[in-house]
Amino acid sequence: MTTSVTAHPTAPAPAPASQRPPADQDGADILTVARREVLDGGRGLDEAGVLAVLRFPDETLTDLLALAHEVRMRWCGPEVEVEGIVSLKTGGCPEDCHFCSQSGKFDSPVRSAWLDVPSLVDAARQTAATGATEFCIVAAVRGPDARLMAQVREGVAAIRAAVDINVACSLGMLTSEQVDELTAMGVHRYNHNLETARSHFPNVVTTHSWEERWETCEMVRAAGMELCCGAILGVGESLEQRAELATQLAALEPDEVPLNFLNPRPGTPFGDLPLVEPRDALRAIAAFRLAMPRTILRYSGGREITLGDLDVQGMLGGINAMIVGNYLTTLGRSAEADLKMLAELSMPIKSLQATL
């Protein structure tokens, strides 16, 4: 039984029933439906279809991943977008996202720290040297205050003057005035994740609402910035709620969806949760691709410990972007290792000109 999506009042209407696959598909049947609807028609699966993919049998998982890769190639092309991220303001966040070691409410080893502008520019240079086209400035805050906005303004200007790279930001929930200010700075893309399904969100965060996140995302899209809005899987959600989240993201129509897998952090409420099983992670990658055939689907935090060497299968199962290097508070694979993997898969890195 699926969990129905309760749409936010400003969410786009779901696709007409005639454009959605039937709800009773499973196994090989869902491949037939997905080939017709997604691969041939470019229409993402609905919630029931996504759930069928998430329940896909192990013995034919390679068939599912192959179809998701076909969809990626047809609707996005072979290029892979590479991004680096850096934390401008680390730790001490007043929010209680139960997976995050940067919350000031939990007894985690992460402490509050600020990065200066020269260090931001240096990190952007190092990111650009990998071939990356995106560099994201992240701050652990509920939303930016005047001090943070001033430092972001200085940092964005310094990076744009010194480095040939797109600048993205992730600064929490925004006001309409802050959205306009970031747009005027030349910020290319804004990240603000829905994190989990609306029905599960109160079990993951209590200090703000899913609706507040959605509203920031809508303001970003309306202002003309590209929207990066993603998920973290393995935070206690059911398969039904993963399907709910995928279709809620599809309704928001982000330019990019970063797909994170929980890396349990000591001291957080989710510090003892199990890792997502590798095959479940691969099914989720395929499911999100089949829900959003035209969207940039990015490997993000947790893929290394969740998938290990199977991350290659994700690249051949719908992924077409990655974060290289370390994450905000956890280690990632080296940029060299990821770039070597892309070369071995004959997947070209998207050029900067193609992103402008």
# chains A, B, ... in the order shown; residues from 1 in each chain; ligands from 1
$ select_by_dssp --residues "region 195-248 of chain A" --states "strand (DSSP E)" --output "ChimeraX atom specification"
/A:226-228,231-233
$ select_by_dssp --residues "region 100-329 of chain A" --states "helix (DSSP H, G or I)" --output "ChimeraX atom specification"
/A:117-129,146-162,176-185,201-203,210-223,239-252,278-291,303-315
$ closest_residue --among "A:Asp338, A:Glu154, A:Glu344, A:Glu215" --to "Glu304 (chain A)" --atoms "only C-alpha atoms"
A:Asp338
$ residues_around --residues "region 38-47 of chain A" --least-positions-apart "2" --cutoff "7 Å" --atoms "only C-alpha atoms" --output "ChimeraX atom specification"
/A:20-21,34-36,49-51,71,243-244,247,290-293
$ closest_residue --among "A:Met225, A:Ile137, A:Ala129, A:Ala284" --to "Glu240 (chain A)" --atoms "only C-alpha atoms"
A:Ala284
$ residues_around --residues "Gly143 (chain A)" --least-positions-apart "6" --cutoff "10 Å" --atoms "only C-alpha atoms" --output "number ranges by chain"
A: 93-94, 149, 170-175, 178
$ write_last_selection --atoms "N, CA and C atoms" --output "PDB file, in the first residue's frame"
ATOM      1  N   CYS A  93      24.784  25.031  14.822  1.00  0.00           N
ATOM      2  CA  CYS A  93      23.492  25.340  14.205  1.00  0.00           C
ATOM      3  C   CYS A  93      22.373  25.194  15.237  1.00  0.00           C
ATOM      4  N   PRO A  94      21.397  26.110  15.255  1.00  0.00           N
ATOM      5  CA  PRO A  94      20.326  26.035  16.247  1.00  0.00           C
ATOM      6  C   PRO A  94      19.250  25.005  15.915  1.00  0.00           C
ATOM      7  N   MET A 149      25.448  37.141   5.497  1.00  0.00           N
ATOM      8  CA  MET A 149      25.194  37.647   4.149  1.00  0.00           C
ATOM      9  C   MET A 149      26.344  38.541   3.686  1.00  0.00           C
ATOM     10  N   SER A 170      24.411  27.347   0.045  1.00  0.00           N
ATOM     11  CA  SER A 170      23.460  26.613   0.871  1.00  0.00           C
ATOM     12  C   SER A 170      23.500  27.237   2.252  1.00  0.00           C
ATOM     13  N   LEU A 171      22.534  28.113   2.514  1.00  0.00           N
ATOM     14  CA  LEU A 171      22.576  28.952   3.721  1.00  0.00           C
ATOM     15  C   LEU A 171      21.305  28.829   4.557  1.00  0.00           C
ATOM     16  N   GLY A 172      20.558  27.754   4.374  1.00  0.00           N
ATOM     17  CA  GLY A 172      19.343  27.571   5.152  1.00  0.00           C
ATOM     18  C   GLY A 172      18.149  28.284   4.540  1.00  0.00           C
ATOM     19  N   MET A 173      17.162  28.545   5.377  1.00  0.00           N
ATOM     20  CA  MET A 173      15.914  29.165   4.917  1.00  0.00           C
ATOM     21  C   MET A 173      16.111  30.651   4.685  1.00  0.00           C
ATOM     22  N   LEU A 174      15.521  31.155   3.616  1.00  0.00           N
ATOM     23  CA  LEU A 174      15.747  32.528   3.180  1.00  0.00           C
ATOM     24  C   LEU A 174      14.474  33.358   3.238  1.00  0.00           C
ATOM     25  N   THR A 175      14.664  34.667   3.353  1.00  0.00           N
ATOM     26  CA  THR A 175      13.572  35.607   3.113  1.00  0.00           C
ATOM     27  C   THR A 175      13.581  35.971   1.627  1.00  0.00           C
ATOM     28  N   GLN A 178      16.519  38.172   0.860  1.00  0.00           N
ATOM     29  CA  GLN A 178      17.802  37.466   0.769  1.00  0.00           C
ATOM     30  C   GLN A 178      17.922  36.698  -0.545  1.00  0.00           C
TER      31      GLN A 178
END
$ atom_distance --atom1 "CA of Phe99 (chain A)" --atom2 "CA of Arg55 (chain A)"
24.9 Å
